file upload.cif (mmCIF, C-alpha atoms)
data_target
loop_
_atom_site.label_atom_id
_atom_site.label_comp_id
_atom_site.auth_asym_id
_atom_site.auth_seq_id
_atom_site.Cartn_x
_atom_site.Cartn_y
_atom_site.Cartn_z
CA MET A 1 -1.11 -24.41 -35.81
CA ALA A 2 -0.82 -27.96 -34.54
CA ILE A 3 -2.09 -28.59 -31.09
CA ALA A 4 0.57 -30.53 -29.27
CA ARG A 5 0.03 -31.72 -25.71
CA ASP A 6 2.96 -29.70 -24.49
CA HIS A 7 2.16 -26.52 -26.37
CA ASP A 8 3.40 -23.39 -24.61
CA LEU A 9 -0.18 -22.21 -24.28
CA HIS A 10 -1.08 -25.26 -22.24
CA ARG A 11 1.85 -24.76 -19.93
CA ARG A 12 0.89 -21.10 -19.34
CA ARG A 13 -2.72 -22.06 -18.71
CA PHE A 14 -1.69 -24.83 -16.38
CA GLY A 15 0.45 -22.34 -14.45
CA ARG A 16 -2.48 -19.94 -14.29
CA ASN A 17 -4.90 -22.59 -13.10
CA LEU A 18 -2.43 -23.93 -10.57
CA GLY A 19 -1.86 -20.41 -9.25
CA LEU A 20 -5.59 -19.76 -8.94
CA GLY A 21 -6.09 -23.14 -7.28
CA LEU A 22 -3.42 -22.39 -4.70
CA VAL A 23 -4.87 -18.92 -4.07
CA LEU A 24 -8.34 -20.39 -3.50
CA ALA A 25 -6.96 -23.11 -1.22
CA GLY A 26 -5.07 -20.43 0.70
CA PHE A 27 -8.26 -18.41 1.04
CA VAL A 28 -10.11 -21.41 2.48
CA VAL A 29 -7.31 -21.94 5.03
CA LEU A 30 -7.40 -18.23 5.87
CA VAL A 31 -11.15 -18.17 6.50
CA PHE A 32 -10.87 -21.34 8.57
CA GLY A 33 -8.03 -19.86 10.63
CA LEU A 34 -9.97 -16.63 11.12
CA THR A 35 -12.99 -18.61 12.31
CA VAL A 36 -10.88 -20.50 14.83
CA ALA A 37 -9.25 -17.27 16.05
CA LYS A 38 -12.58 -15.48 16.38
CA VAL A 39 -14.30 -18.35 18.19
CA GLN A 40 -11.40 -18.69 20.62
CA ARG A 41 -11.41 -14.98 21.33
CA GLY A 42 -15.12 -15.11 22.07
CA GLY A 43 -14.49 -17.72 24.74
CA LEU A 44 -16.34 -21.00 24.92
CA LEU A 45 -19.85 -19.92 24.15
CA GLU A 46 -22.82 -21.81 25.51
CA GLY A 47 -25.89 -20.92 23.51
CA TYR A 48 -29.48 -21.92 24.09
CA ASP A 49 -29.95 -25.40 22.73
CA TYR A 50 -33.40 -26.46 24.01
CA GLN A 51 -31.88 -28.29 26.94
CA PRO A 52 -31.95 -26.79 30.43
CA ARG A 53 -28.37 -26.52 31.58
CA SER A 54 -27.56 -26.14 35.22
CA SER A 55 -24.20 -24.51 34.41
CA LEU A 56 -26.05 -21.49 32.95
CA LEU A 57 -28.30 -20.97 35.97
CA THR A 58 -27.39 -18.51 38.65
CA PRO A 59 -27.25 -20.30 41.97
CA GLU A 60 -30.12 -19.50 44.31
CA PRO A 61 -29.17 -18.10 47.67
CA ALA A 62 -29.40 -20.65 50.45
CA GLN A 63 -32.58 -20.32 52.56
CA MET B 1 -13.93 -19.65 -24.75
CA ALA B 2 -10.87 -18.49 -26.66
CA ASP B 3 -9.21 -21.07 -28.85
CA ILE B 4 -5.59 -21.19 -29.89
CA GLY B 5 -6.36 -19.34 -33.10
CA THR B 6 -7.45 -16.29 -31.12
CA PHE B 7 -4.02 -15.95 -29.56
CA ALA B 8 -2.19 -16.67 -32.77
CA ARG B 9 -3.54 -13.36 -34.10
CA GLY B 10 -1.51 -11.23 -31.71
CA GLN B 11 -3.08 -11.19 -28.26
CA GLN B 12 -0.87 -13.18 -25.92
CA ASP B 13 -2.20 -15.49 -23.26
CA ALA B 14 -1.58 -14.15 -19.79
CA GLY B 15 0.33 -16.14 -17.19
CA PHE B 16 -0.47 -16.10 -13.48
CA GLY B 17 2.37 -13.65 -12.91
CA ASP B 18 0.68 -11.08 -15.17
CA TYR B 19 -2.32 -10.95 -12.87
CA VAL B 20 -0.01 -10.60 -9.89
CA ALA B 21 1.77 -7.75 -11.71
CA LEU B 22 -1.59 -5.97 -12.04
CA LEU B 23 -1.67 -5.70 -8.25
CA LYS B 24 1.60 -3.68 -8.18
CA PRO B 25 3.46 -5.93 -5.73
CA ARG B 26 6.19 -3.36 -5.05
CA VAL B 27 3.69 -0.71 -3.93
CA MET B 28 1.95 -3.46 -1.97
CA SER B 29 5.09 -4.12 0.07
CA LEU B 30 5.03 -0.53 1.37
CA VAL B 31 1.31 -0.85 2.15
CA VAL B 32 1.90 -4.12 4.01
CA PHE B 33 4.73 -2.69 6.08
CA THR B 34 3.06 0.59 7.10
CA ALA B 35 -0.28 -1.11 7.80
CA LEU B 36 1.44 -3.75 9.92
CA VAL B 37 3.26 -1.09 11.93
CA GLY B 38 0.01 0.87 12.38
CA LEU B 39 -1.63 -2.28 13.69
CA LEU B 40 1.21 -3.33 15.99
CA VAL B 41 1.87 0.04 17.63
CA ALA B 42 -1.83 0.48 18.53
CA PRO B 43 -2.57 0.17 22.25
CA VAL B 44 -5.11 -2.66 21.72
CA PRO B 45 -3.64 -6.14 21.18
CA VAL B 46 -4.87 -8.10 18.18
CA HIS B 47 -4.87 -11.90 17.82
CA PRO B 48 -1.81 -12.76 15.67
CA PHE B 49 -3.83 -14.62 13.06
CA VAL B 50 -6.42 -11.86 12.85
CA ALA B 51 -3.55 -9.34 12.44
CA PHE B 52 -2.02 -11.46 9.68
CA ALA B 53 -5.34 -11.78 7.85
CA ALA B 54 -6.15 -8.07 8.27
CA VAL B 55 -2.81 -6.97 6.80
CA LEU B 56 -3.30 -9.43 3.95
CA PHE B 57 -6.73 -7.94 3.14
CA ILE B 58 -5.37 -4.38 3.35
CA ALA B 59 -2.65 -5.44 0.89
CA LEU B 60 -5.29 -7.03 -1.34
CA GLY B 61 -7.27 -3.77 -1.30
CA GLY B 62 -4.08 -1.93 -2.26
CA GLY B 63 -3.54 -4.44 -5.06
CA ALA B 64 -7.11 -4.01 -6.26
CA SER B 65 -6.64 -0.25 -6.55
CA GLY B 66 -3.40 -0.94 -8.44
CA ALA B 67 -5.31 -3.07 -10.97
CA LEU B 68 -8.00 -0.40 -11.37
CA ASN B 69 -5.27 2.22 -11.83
CA MET B 70 -3.66 0.12 -14.57
CA TRP B 71 -7.03 -0.34 -16.25
CA TYR B 72 -7.68 3.40 -16.37
CA ASP B 73 -4.11 4.45 -17.18
CA ALA B 74 -3.39 1.84 -19.87
CA ASP B 75 -3.25 4.55 -22.55
CA ILE B 76 -0.57 6.64 -20.83
CA ASP B 77 1.28 3.58 -19.51
CA ALA B 78 1.86 2.58 -23.14
CA LEU B 79 3.65 5.91 -23.75
CA MET B 80 6.07 5.80 -20.83
CA ARG B 81 9.26 3.77 -20.91
CA ARG B 82 8.92 2.89 -17.21
CA THR B 83 5.40 1.44 -17.59
CA ARG B 84 5.38 0.16 -21.17
CA GLY B 85 5.98 -3.42 -20.08
CA ARG B 86 2.93 -3.56 -17.79
CA PRO B 87 0.49 -6.38 -18.63
CA ILE B 88 -2.19 -4.24 -20.36
CA PRO B 89 -0.01 -2.02 -22.62
CA ALA B 90 2.12 -5.10 -23.41
CA GLY B 91 -1.05 -6.86 -24.62
CA ARG B 92 -0.92 -9.78 -22.22
CA VAL B 93 -4.05 -8.86 -20.23
CA ALA B 94 -7.21 -7.25 -21.62
CA ALA B 95 -8.26 -3.97 -20.00
CA GLY B 96 -11.64 -5.43 -19.09
CA GLU B 97 -9.97 -8.27 -17.22
CA ALA B 98 -8.01 -5.79 -15.09
CA LEU B 99 -11.22 -3.88 -14.38
CA GLY B 100 -12.99 -7.07 -13.33
CA LEU B 101 -10.11 -8.22 -11.17
CA GLY B 102 -9.81 -4.78 -9.55
CA LEU B 103 -13.52 -4.48 -8.77
CA GLY B 104 -13.78 -8.07 -7.57
CA LEU B 105 -10.79 -7.83 -5.26
CA SER B 106 -11.95 -4.41 -3.98
CA GLY B 107 -15.27 -5.88 -2.87
CA LEU B 108 -13.65 -9.00 -1.44
CA SER B 109 -10.97 -7.13 0.51
CA VAL B 110 -13.43 -4.61 2.00
CA MET B 111 -15.84 -7.37 2.98
CA MET B 112 -13.15 -9.61 4.46
CA LEU B 113 -11.44 -6.80 6.37
CA SER B 114 -14.82 -5.83 7.85
CA LEU B 115 -15.22 -9.42 9.05
CA ALA B 116 -11.63 -10.00 10.18
CA GLY B 117 -11.17 -6.59 11.81
CA ASN B 118 -14.16 -4.33 12.17
CA LEU B 119 -16.64 -2.48 9.97
CA PHE B 120 -14.86 0.87 10.36
CA ALA B 121 -11.55 -0.57 9.14
CA GLY B 122 -13.32 -2.23 6.19
CA LEU B 123 -15.09 0.97 5.16
CA PHE B 124 -11.84 2.91 5.59
CA LEU B 125 -10.17 0.50 3.15
CA GLY B 126 -13.07 1.02 0.74
CA PHE B 127 -12.65 4.78 1.00
CA THR B 128 -8.89 4.45 0.37
CA ILE B 129 -9.50 2.44 -2.81
CA PHE B 130 -12.05 5.04 -3.93
CA PHE B 131 -9.60 7.85 -3.16
CA TYR B 132 -6.75 6.25 -5.11
CA VAL B 133 -8.81 5.22 -8.11
CA VAL B 134 -11.38 8.00 -8.47
CA VAL B 135 -9.81 11.03 -6.77
CA TYR B 136 -6.18 10.42 -7.78
CA THR B 137 -6.21 8.31 -10.96
CA VAL B 138 -9.35 9.58 -12.68
CA TRP B 139 -9.68 13.10 -11.34
CA LEU B 140 -6.30 14.57 -10.38
CA LYS B 141 -3.48 12.71 -12.12
CA ARG B 142 -4.01 14.19 -15.58
CA ARG B 143 -5.26 17.59 -14.46
CA THR B 144 -2.99 19.18 -11.89
CA PRO B 145 0.67 19.15 -10.85
CA GLN B 146 -0.66 18.80 -7.29
CA ASN B 147 -1.76 15.26 -8.29
CA ILE B 148 0.72 13.40 -6.11
CA VAL B 149 0.35 15.83 -3.19
CA ILE B 150 -3.36 15.09 -2.75
CA GLY B 151 -3.22 11.61 -4.24
CA GLY B 152 -0.46 10.79 -1.77
CA ALA B 153 -3.15 10.61 0.90
CA ALA B 154 -4.20 7.23 -0.53
CA GLY B 155 -0.73 5.85 0.17
CA ALA B 156 -0.77 7.39 3.64
CA PHE B 157 -4.01 5.75 4.78
CA PRO B 158 -2.71 2.14 5.31
CA PRO B 159 -1.10 2.78 8.75
CA MET B 160 -4.38 4.41 9.79
CA ILE B 161 -6.31 1.35 8.58
CA GLY B 162 -3.94 -0.92 10.53
CA TRP B 163 -4.54 1.22 13.61
CA ALA B 164 -8.30 1.08 12.97
CA VAL B 165 -8.21 -2.74 12.83
CA ALA B 166 -6.86 -2.74 16.40
CA THR B 167 -8.73 0.18 17.93
CA GLY B 168 -11.83 0.52 15.76
CA GLY B 169 -11.20 4.24 15.21
CA ILE B 170 -8.76 7.07 14.59
CA GLY B 171 -6.27 8.54 17.06
CA LEU B 172 -3.72 11.34 17.22
CA GLU B 173 -1.02 8.70 16.75
CA SER B 174 -2.58 7.25 13.59
CA LEU B 175 -2.96 10.78 12.22
CA ALA B 176 0.76 11.37 12.92
CA MET B 177 1.68 8.25 10.90
CA PHE B 178 -0.61 9.46 8.12
CA ALA B 179 1.06 12.89 8.13
CA ILE B 180 4.54 11.39 7.86
CA VAL B 181 3.70 9.33 4.75
CA PHE B 182 1.58 12.15 3.30
CA LEU B 183 4.36 14.76 3.52
CA TRP B 184 7.01 12.25 2.47
CA THR B 185 5.26 11.31 -0.79
CA PRO B 186 5.77 14.54 -2.81
CA PRO B 187 9.57 14.83 -2.39
CA HIS B 188 9.85 11.08 -3.03
CA PHE B 189 7.99 11.24 -6.36
CA TRP B 190 9.36 14.60 -7.45
CA SER B 191 12.92 13.32 -7.13
CA LEU B 192 11.83 10.44 -9.39
CA ALA B 193 10.25 12.92 -11.79
CA LEU B 194 13.52 14.86 -11.96
CA PHE B 195 15.24 11.95 -13.64
CA MET B 196 12.15 10.64 -15.51
CA LYS B 197 10.97 13.92 -17.04
CA GLU B 198 10.80 12.72 -20.62
CA ASP B 199 8.46 9.94 -19.63
CA TYR B 200 5.89 12.17 -17.96
CA SER B 201 5.94 14.88 -20.62
CA ASN B 202 5.56 12.30 -23.40
CA ALA B 203 2.47 10.94 -21.65
CA GLY B 204 1.05 14.40 -20.98
CA VAL B 205 0.95 13.87 -17.22
CA PRO B 206 1.28 17.32 -15.61
CA MET B 207 4.09 16.51 -13.20
CA LEU B 208 5.60 19.52 -11.48
CA THR B 209 8.76 19.13 -13.59
CA VAL B 210 6.66 19.49 -16.74
CA THR B 211 4.39 22.36 -15.66
CA HIS B 212 6.65 24.46 -13.43
CA GLY B 213 10.11 23.37 -14.51
CA ARG B 214 12.92 21.66 -12.72
CA PRO B 215 14.25 24.50 -10.53
CA ALA B 216 10.72 24.91 -9.07
CA THR B 217 10.56 21.16 -8.44
CA ARG B 218 13.87 21.31 -6.58
CA ARG B 219 12.48 24.12 -4.39
CA HIS B 220 9.32 22.12 -3.73
CA ILE B 221 11.36 19.09 -2.64
CA LEU B 222 13.16 21.20 -0.04
CA ALA B 223 9.91 22.84 1.12
CA TYR B 224 8.29 19.46 1.77
CA ALA B 225 11.43 18.12 3.46
CA LEU B 226 11.25 21.12 5.81
CA LEU B 227 7.53 20.56 6.45
CA LEU B 228 8.06 16.86 7.05
CA ALA B 229 10.80 17.23 9.67
CA PRO B 230 8.73 18.83 12.50
CA VAL B 231 5.86 16.38 11.92
CA ALA B 232 8.18 13.37 11.99
CA LEU B 233 9.96 14.68 15.10
CA ALA B 234 6.72 15.61 16.91
CA THR B 235 5.56 11.99 16.53
CA ALA B 236 8.33 11.10 19.00
CA PHE B 237 6.29 12.84 21.73
CA THR B 238 3.03 10.98 21.07
CA ALA B 239 2.12 7.70 22.79
CA ILE B 240 3.78 5.64 20.03
CA GLY B 241 7.07 7.58 20.09
CA GLY B 242 10.06 7.59 22.41
CA PRO B 243 13.77 8.35 22.60
CA VAL B 244 14.83 5.64 20.15
CA TYR B 245 12.42 6.94 17.55
CA PHE B 246 13.48 10.52 18.29
CA VAL B 247 17.18 9.82 17.69
CA VAL B 248 16.43 7.91 14.46
CA SER B 249 14.08 10.62 13.24
CA LEU B 250 16.45 13.48 14.08
CA THR B 251 19.32 11.82 12.22
CA LEU B 252 17.23 10.97 9.17
CA ASN B 253 15.58 14.38 8.94
CA LEU B 254 18.91 16.19 9.11
CA ALA B 255 20.21 13.95 6.33
CA PHE B 256 16.98 14.38 4.33
CA ILE B 257 17.10 18.18 4.51
CA THR B 258 20.82 18.19 3.68
CA ALA B 259 20.17 16.00 0.63
CA ALA B 260 17.25 18.25 -0.43
CA LEU B 261 19.53 21.30 -0.13
CA ARG B 262 22.10 19.55 -2.30
CA ILE B 263 19.42 18.91 -4.93
CA LEU B 264 18.30 22.54 -4.76
CA ARG B 265 21.81 23.85 -5.42
CA ARG B 266 22.37 21.70 -8.49
CA SER B 267 21.90 23.11 -11.94
CA GLU B 268 20.40 21.05 -14.76
CA ALA B 269 23.79 20.95 -16.50
CA SER B 270 25.55 19.46 -13.49
CA ALA B 271 22.69 17.02 -12.88
CA GLU B 272 22.79 15.83 -16.45
CA ALA B 273 26.58 15.65 -16.40
CA ASP B 274 26.61 13.01 -13.66
CA GLY B 275 23.43 11.23 -14.77
CA TYR B 276 21.22 12.63 -11.96
CA ARG B 277 23.28 10.91 -9.31
CA ALA B 278 22.19 13.13 -6.41
CA GLU B 279 18.51 12.89 -7.44
CA LYS B 280 18.66 9.12 -7.72
CA ARG B 281 20.42 8.93 -4.37
CA PHE B 282 17.76 11.15 -2.80
CA PHE B 283 15.04 8.89 -4.23
CA ARG B 284 16.68 5.78 -2.74
CA PHE B 285 17.34 7.54 0.55
CA SER B 286 13.70 8.60 0.80
CA LEU B 287 12.71 4.91 0.79
CA LEU B 288 15.15 4.25 3.62
CA TYR B 289 13.80 7.32 5.44
CA LEU B 290 10.26 5.99 5.56
CA PHE B 291 11.27 2.41 6.28
CA ALA B 292 13.51 3.49 9.18
CA HIS B 293 10.86 5.76 10.72
CA PHE B 294 8.27 2.98 10.81
CA THR B 295 10.84 0.46 12.01
CA ALA B 296 11.72 2.84 14.86
CA LEU B 297 8.02 3.05 15.79
CA LEU B 298 7.92 -0.73 15.83
CA ALA B 299 11.04 -0.81 18.03
CA GLU B 300 9.37 1.59 20.47
CA ALA B 301 6.31 -0.69 20.63
CA ALA B 302 8.56 -3.70 21.30
CA LEU B 303 10.40 -1.78 24.04
CA ARG B 304 7.09 -0.71 25.58
CA SER B 305 5.97 -4.31 25.78
CA LEU B 306 9.14 -4.95 27.83
CA GLN B 307 8.35 -1.91 30.02
CA LEU B 308 11.38 -0.12 28.51
CA GLY B 309 9.94 2.23 25.90
CA GLY B 310 8.57 5.75 26.02
CA TRP B 311 9.96 8.79 27.77
#
call {"tool": "encode", "arguments": {"input": "upload.cif", "output": "structure tokens"}}
result
Amino acid sequence: MAIARDHDLHRRRFGRNLGLGLVLAGFVVLVFGLTVAKVQRGGLLEGYDYQPRSSLLTPEPAQ
Amino acid sequence: MADIGTFARGQQDAGFGDYVALLKPRVMSLVVFTALVGLLVAPVPVHPFVAFAAVLFIALGGGASGALNMWYDADIDALMRRTRGRPIPAGRVAAGEALGLGLGLSGLSVMMLSLAGNLFAGLFLGFTIFFYVVVYTVWLKRRTPQNIVIGGAAGAFPPMIGWAVATGGIGLESLAMFAIVFLWTPPHFWSLALFMKEDYSNAGVPMLTVTHGRPATRRHILAYALLLAPVALATAFTAIGGPVYFVVSLTLNLAFITAALRILRRSEASAEADGYRAEKRFFRFSLLYLFAHFTALLAEAALRSLQLGGW
């Protein structure tokens, strides 16, 4: 069997690879979107980052 | 790596569509719809993107169990006219590939649903896949005519999983949705078996039509239609029901029971004479029945959000 560039087998494999590629790209977008949705739902989080931050301190009652 | 010579000897190279076919897209559409309704009617709001992703992963889990089912059932699929063209019996996909795809997607969907929704929903999806593949496909399908009665539970879990994504648990309302699909499944498949008998008996699958005969199957269809009606109607009086759902359900159940009575009264000769018209109509109507019930639940949820729903 001669291997031509446009053999049917190549077209099927290209379709398969393209399909898988699109699925993987879609999965990446999905995980990214989920991350954004989850972070937004959690509010703007301020974690401990080795810097004292006045916004995280509870105000002391006035003497 | 397989070279061209490998495929020239008979085995065909699979296209992307063959792998999609392994996931049973038509069954998936029912899973997507019922899971989405279960998620949307729940009292806890879910972020739209999280809801979208969760339903997608539930569908993927359903697809994975479809691939595992096709891997295990490849031998009987090859014997039935309805399933002969599936990728494995047709020789386009190797059985091992279907097994790998099924297991891989099972793990991925359970893991991703646990992350997108919550751990309970993810584990529930895992249990559903186990139930469909091990309990139904491996254990019951070839052993007992009650196969689709118990196995039907697998198809009834998706609205409960959708509900679990939103609430993190189980409620009376999610059990009601489960019960509707669970009791709907046997008459739906038995009406199919009435006009597909040759297929099942050729494959040695003990469908009720094969083991107990057709008149008994017709009686069973009516019995389940009668059992289903009070459950479907009672759902109207739970937190997810309301007058719109009640009217839809009442109309559909009356029609469903009437159609089941018509099937019961028919003899084999008259059924064969008109090419199983009533049975085929019942089968199609049963799809509408389920779709309309869940749509009515969705309508009630939409009305509730506008402060119009409920009693």
call {"tool": "closest_atom_pairs", "arguments": {"input": "upload.cif", "of": "chain A", "to": "chain B", "cutoff": "10 Å", "atoms": "only C-alpha atoms", "output": "tab-separated table"}}
result
residue	atom	partner	partner_atom	distance
A:Met1	CA	B:Gly5	CA	7.8
A:Ala2	CA	B:Ile4	CA	9.5
A:Ile3	CA	B:Ile4	CA	8.3
A:Asp8	CA	B:Asp13	CA	9.8
A:Leu9	CA	B:Asp13	CA	7.1
A:His10	CA	B:Ile4	CA	9.8
A:Arg11	CA	B:Gly15	CA	9.2
A:Arg12	CA	B:Gly15	CA	5.4
A:Arg13	CA	B:Gly15	CA	6.8
A:Phe14	CA	B:Gly15	CA	9.0
A:Gly15	CA	B:Phe16	CA	6.4
A:Arg16	CA	B:Phe16	CA	4.4
A:Asn17	CA	B:Phe16	CA	7.9
A:Leu18	CA	B:Phe16	CA	8.6
A:Gly19	CA	B:Phe16	CA	6.2
A:Leu20	CA	B:Phe16	CA	7.8
A:Phe27	CA	B:Ala53	CA	9.9
A:Leu30	CA	B:Ala53	CA	7.1
A:Val31	CA	B:Ala53	CA	8.7
A:Gly33	CA	B:Phe49	CA	7.1
A:Leu34	CA	B:Val50	CA	6.2
A:Thr35	CA	B:Ala116	CA	9.0
A:Val36	CA	B:Phe49	CA	9.3
A:Ala37	CA	B:Phe49	CA	6.7
A:Lys38	CA	B:Val50	CA	8.0
A:Gln40	CA	B:His47	CA	9.8
A:Arg41	CA	B:His47	CA	8.0
call {"tool": "write_last_selection", "arguments": {"input": "upload.cif", "atoms": "C-alpha atoms", "output": "mmCIF file, keeping the file's coordinate frame"}}
result
data_model
loop_
_atom_site.group_PDB
_atom_site.id
_atom_site.type_symbol
_atom_site.label_atom_id
_atom_site.label_comp_id
_atom_site.auth_asym_id
_atom_site.auth_seq_id
_atom_site.Cartn_x
_atom_site.Cartn_y
_atom_site.Cartn_z
ATOM 1 C CA MET A 1 -1.110 -24.410 -35.810
ATOM 2 C CA ALA A 2 -0.820 -27.960 -34.540
ATOM 3 C CA ILE A 3 -2.090 -28.590 -31.090
ATOM 4 C CA ASP A 8 3.400 -23.390 -24.610
ATOM 5 C CA LEU A 9 -0.180 -22.210 -24.280
ATOM 6 C CA HIS A 10 -1.080 -25.260 -22.240
ATOM 7 C CA ARG A 11 1.850 -24.760 -19.930
ATOM 8 C CA ARG A 12 0.890 -21.100 -19.340
ATOM 9 C CA ARG A 13 -2.720 -22.060 -18.710
ATOM 10 C CA PHE A 14 -1.690 -24.830 -16.380
ATOM 11 C CA GLY A 15 0.450 -22.340 -14.450
ATOM 12 C CA ARG A 16 -2.480 -19.940 -14.290
ATOM 13 C CA ASN A 17 -4.900 -22.590 -13.100
ATOM 14 C CA LEU A 18 -2.430 -23.930 -10.570
ATOM 15 C CA GLY A 19 -1.860 -20.410 -9.250
ATOM 16 C CA LEU A 20 -5.590 -19.760 -8.940
ATOM 17 C CA PHE A 27 -8.260 -18.410 1.040
ATOM 18 C CA LEU A 30 -7.400 -18.230 5.870
ATOM 19 C CA VAL A 31 -11.150 -18.170 6.500
ATOM 20 C CA GLY A 33 -8.030 -19.860 10.630
ATOM 21 C CA LEU A 34 -9.970 -16.630 11.120
ATOM 22 C CA THR A 35 -12.990 -18.610 12.310
ATOM 23 C CA VAL A 36 -10.880 -20.500 14.830
ATOM 24 C CA ALA A 37 -9.250 -17.270 16.050
ATOM 25 C CA LYS A 38 -12.580 -15.480 16.380
ATOM 26 C CA GLN A 40 -11.400 -18.690 20.620
ATOM 27 C CA ARG A 41 -11.410 -14.980 21.330
#
call {"tool": "axis_aligned_box", "arguments": {"input": "upload.cif", "around": "stretch 3-21 of chain A", "padding_each_side": "4 Å", "output": "lines of an AutoDock Vina configuration file"}}
result
center_x = -1.3
center_y = -25.7
center_z = -19.2
size_x = 17.5
size_y = 20.0
size_z = 31.8
call {"tool": "residues_around", "arguments": {"input": "upload.cif", "residues": "B:Ala166", "least_positions_apart": "5", "cutoff": "7 Å", "atoms": "only C-alpha atoms", "output": "ChimeraX atom specification"}}
result
/B:39,42,44-46
call {"tool": "closest_residue", "arguments": {"input": "upload.cif", "among": "B:Ala301, B:Arg82, B:Leu30, B:Gly117", "to": "B:Leu288", "atoms": "all atoms listed in the file"}}
result
B:Leu30
call {"tool": "resolve_selection", "arguments": {"input": "upload.cif", "expression": "the PyMOL selection byres ((chain B and resi 142-153) around 7)", "output": "list in words"}}
result
Tyr132, Tyr136, Leu140, Lys141, Ala154, Gly155, Ala156, Phe157, Phe182, Thr185, Pro186, Val205, Pro206, Met207, Leu208 and Thr211 of chain B
call {"tool": "write_last_selection", "arguments": {"input": "upload.cif", "atoms": "C-alpha atoms", "output": "compact mmCIF listing (two decimals), in the coordinates of the input"}}
result
# COMPACT_ATOMS: atom_id res chain seq x y z
CA TYR B 132 -6.75 6.25 -5.11
CA TYR B 136 -6.18 10.42 -7.78
CA LEU B 140 -6.30 14.57 -10.38
CA LYS B 141 -3.48 12.71 -12.12
CA ALA B 154 -4.20 7.23 -0.53
CA GLY B 155 -0.73 5.85 0.17
CA ALA B 156 -0.77 7.39 3.64
CA PHE B 157 -4.01 5.75 4.78
CA PHE B 182 1.58 12.15 3.30
CA THR B 185 5.26 11.31 -0.79
CA PRO B 186 5.77 14.54 -2.81
CA VAL B 205 0.95 13.87 -17.22
CA PRO B 206 1.28 17.32 -15.61
CA MET B 207 4.09 16.51 -13.20
CA LEU B 208 5.60 19.52 -11.48
CA THR B 211 4.39 22.36 -15.66
call {"tool": "atom_distance", "arguments": {"input": "upload.cif", "atom1": "atom CA of B:Leu108", "atom2": "atom CA of B:Trp71"}}
result
18.4 Å
call {"tool": "resolve_selection", "arguments": {"input": "upload.cif", "expression": "the PyMOL selection byres ((chain B and resi 176) around 12)", "output": "PDB file with C-alpha atoms, keeping the file's coordinate frame"}}
result
ATOM      1  CA  GLY B  38       0.010   0.870  12.380  1.00  0.00           C
ATOM      2  CA  ALA B 156      -0.770   7.390   3.640  1.00  0.00           C
ATOM      3  CA  PHE B 157      -4.010   5.750   4.780  1.00  0.00           C
ATOM      4  CA  PRO B 159      -1.100   2.780   8.750  1.00  0.00           C
ATOM      5  CA  MET B 160      -4.380   4.410   9.790  1.00  0.00           C
ATOM      6  CA  TRP B 163      -4.540   1.220  13.610  1.00  0.00           C
ATOM      7  CA  ILE B 170      -8.760   7.070  14.590  1.00  0.00           C
ATOM      8  CA  GLY B 171      -6.270   8.540  17.060  1.00  0.00           C
ATOM      9  CA  LEU B 172      -3.720  11.340  17.220  1.00  0.00           C
ATOM     10  CA  GLU B 173      -1.020   8.700  16.750  1.00  0.00           C
ATOM     11  CA  SER B 174      -2.580   7.250  13.590  1.00  0.00           C
ATOM     12  CA  LEU B 175      -2.960  10.780  12.220  1.00  0.00           C
ATOM     13  CA  MET B 177       1.680   8.250  10.900  1.00  0.00           C
ATOM     14  CA  PHE B 178      -0.610   9.460   8.120  1.00  0.00           C
ATOM     15  CA  ALA B 179       1.060  12.890   8.130  1.00  0.00           C
ATOM     16  CA  ILE B 180       4.540  11.390   7.860  1.00  0.00           C
ATOM     17  CA  VAL B 181       3.700   9.330   4.750  1.00  0.00           C
ATOM     18  CA  PHE B 182       1.580  12.150   3.300  1.00  0.00           C
ATOM     19  CA  LEU B 183       4.360  14.760   3.520  1.00  0.00           C
ATOM     20  CA  LEU B 228       8.060  16.860   7.050  1.00  0.00           C
ATOM     21  CA  PRO B 230       8.730  18.830  12.500  1.00  0.00           C
ATOM     22  CA  VAL B 231       5.860  16.380  11.920  1.00  0.00           C
ATOM     23  CA  ALA B 232       8.180  13.370  11.990  1.00  0.00           C
ATOM     24  CA  LEU B 233       9.960  14.680  15.100  1.00  0.00           C
ATOM     25  CA  ALA B 234       6.720  15.610  16.910  1.00  0.00           C
ATOM     26  CA  THR B 235       5.560  11.990  16.530  1.00  0.00           C
ATOM     27  CA  ALA B 236       8.330  11.100  19.000  1.00  0.00           C
ATOM     28  CA  PHE B 237       6.290  12.840  21.730  1.00  0.00           C
ATOM     29  CA  THR B 238       3.030  10.980  21.070  1.00  0.00           C
ATOM     30  CA  ALA B 239       2.120   7.700  22.790  1.00  0.00           C
ATOM     31  CA  ILE B 240       3.780   5.640  20.030  1.00  0.00           C
ATOM     32  CA  GLY B 241       7.070   7.580  20.090  1.00  0.00           C
ATOM     33  CA  HIS B 293      10.860   5.760  10.720  1.00  0.00           C
ATOM     34  CA  PHE B 294       8.270   2.980  10.810  1.00  0.00           C
ATOM     35  CA  LEU B 297       8.020   3.050  15.790  1.00  0.00           C
TER      36      LEU B 297
END
call {"tool": "atom_distance", "arguments": {"input": "upload.cif", "atom1": "atom CA of B:Leu60", "atom2": "atom CA of B:Leu22"}}
result
11.4 Å
call {"tool": "atom_distance", "arguments": {"input": "upload.cif", "atom1": "atom CA of B:Pro158", "atom2": "atom CA of B:Val31"}}
result
5.9 Å
call {"tool": "closest_residue", "arguments": {"input": "upload.cif", "among": "B:Gly126, B:Gly102, B:Gly213, B:Pro243", "to": "B:Ser201", "atoms": "all atoms listed in the file"}}
result
B:Gly213
call {"tool": "closest_residue", "arguments": {"input": "upload.cif", "among": "B:Ala216, B:Leu23, B:Leu227, B:Ala302", "to": "B:Asn253", "atoms": "only C-alpha atoms"}}
result
B:Leu227
